[in-house]
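Participant: So that we are looking at the same thing, I have put the structure below in structure tokens.
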Amino acid sequence: NNGNIKIENTYAIGKVEGASSTGGLVGYGSAKSINSYWVPDVSGQTTSAVGTKTTILKLLRKSGYESWNFEEIWEIEESFCPVNLITNG
């Protein structure tokens with residue numbers, strides 16, 4: 001529960017389970033979230049302490065990721081899978 005923590009350029013697309021303090025991206029806390037996303041239909045969660053609620057269809061397009069660097073850091077095979085880190089070699 002530390003407001004000094006920053007979560008930037010992340011996404012969560014897995015099922016979330018737990019007895020308490022669960023959420024789509026973050027279950028509990030006051031971190032600062034920048035360009036981070038979660039999918040309620042996949043996670044099974046209706047809320048998240050931080051992050052932007054989105055859909056799988058939006059995460060399958062570059063336009064679904066605000067201010068992400070697709071030139072040097074991220075790559076996406078649109079309509080097929082969410083983003084991945086660019087690997088060198």
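Naming scheme: A, B, ... for chains in displayed order of the structure tokens; residues 1 onward per chain; ligands 1 onward as shown.
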According to DSSP computed on the backbone, where in chain A is there strand (DSSP E)? Give the residues as a list in words.

Facilitator: Lys6, Ile7, Glu8, Tyr11, Ala12, Lys32, Ser33, Ile34, Tyr37, Trp38, Thr52, Lys53, Trp74, Glu75, Ile76, Glu77, Cys81, Pro82, Val83, Asn84 and Leu85 of chain A

Participant: Env of Ile7 (chain A): 8 Å cut, atoms = only C-alpha atoms, seq-sep filter 3 positions within chain, self excluded. Answer as JSON, numbers by chain.

Facilitator: {"A": [10, 31, 32, 33, 34, 36]}

Participant: Just give me the gap between CA of Glu72 (chain A) and CA of Val42 (chain A) in Å, one decimal is fine.

Facilitator: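 CA of Val42 (chain A) lies at a distance of 28.5 Å from CA of Glu72 (chain A).
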
Participant: Please determine, counting only C-alpha atoms, which residue among A:Ala19, A:Tyr28, A:Tyr37, A:Asn69 has the shortest atom-to-atom distance to Ala49 (chain A).

Facilitator: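 For Ala49 (chain A), the nearest of the given residues is A:Tyr28.
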
Participant: Assign secondary structure with DSSP using the backbone only, and return the residues of region 16-72 of chain A in alpha helix (DSSP H) as a ChimeraX atom specification.

Facilitator: /A:40-43,56-59

Participant: So that each row is one residue of region 31-88 of chain A with an atom at most 9 Å from region 11-17 of chain A, can you give its shortest atom pair and the distance in Å to one decimal, using only C-alpha atoms, rows by chain and rising number, as a Markdown table?

Facilitator:
```
| residue | atom | partner | partner_atom | distance |
| --- | --- | --- | --- | --- |
| A:Asn35 | CA | A:Tyr11 | CA | 8.6 |
| A:Ser36 | CA | A:Tyr11 | CA | 5.5 |
| A:Tyr37 | CA | A:Tyr11 | CA | 4.6 |
| A:Trp38 | CA | A:Ala12 | CA | 4.9 |
| A:Val39 | CA | A:Ile13 | CA | 5.9 |
| A:Pro40 | CA | A:Ile13 | CA | 8.6 |
| A:Asp41 | CA | A:Lys15 | CA | 8.8 |
| A:Val42 | CA | A:Lys15 | CA | 5.7 |
| A:Ser43 | CA | A:Lys15 | CA | 3.9 |
| A:Gly44 | CA | A:Lys15 | CA | 6.1 |
| A:Gln45 | CA | A:Val16 | CA | 6.9 |
| A:Gly51 | CA | A:Tyr11 | CA | 8.6 |
| A:Ile56 | CA | A:Ile13 | CA | 7.9 |
| A:Leu59 | CA | A:Tyr11 | CA | 8.6 |
| A:Pro82 | CA | A:Tyr11 | CA | 8.9 |
```

Participant: Would you list the contacts of Ile76 (chain A) as a list of chain:residue names, taking every protein, DNA or RNA residue within 10 Å and counting only C-alpha atoms, but skipping same-chain residues closer than 2 positions in sequence?

Facilitator: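 Near neighbours after the sequence-gap exclusion: A:Leu59, A:Leu60, A:Arg61, A:Lys62, A:Phe70, A:Trp74, A:Glu78, A:Ser79, A:Phe80, A:Cys81, A:Pro82, A:Val83, A:Asn84, A:Leu85, A:Ile86.
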
Participant: Rounded to one decimal, what separation in Å do you get between CA of Gly29 (chain A) and CA of Lys58 (chain A)?

Facilitator: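 Going from CA of Gly29 (chain A) over to CA of Lys58 (chain A), I get 25.9 Å.
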
Participant: For CA of Thr87 (chain A) and CA of Thr55 (chain A), quote the distance in Å rounded to one decimal.

Facilitator: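 These two atoms are separated by 25.8 Å.
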
Participant: Of the residues A:Gly18, A:Gly24, A:Lys6, A:Ser67, which is the one nearest to Thr54 (chain A), using only C-alpha atoms?

Facilitator: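 When distances to Thr54 (chain A) are compared using only C-alpha atoms, the smallest one comes from A:Gly24.
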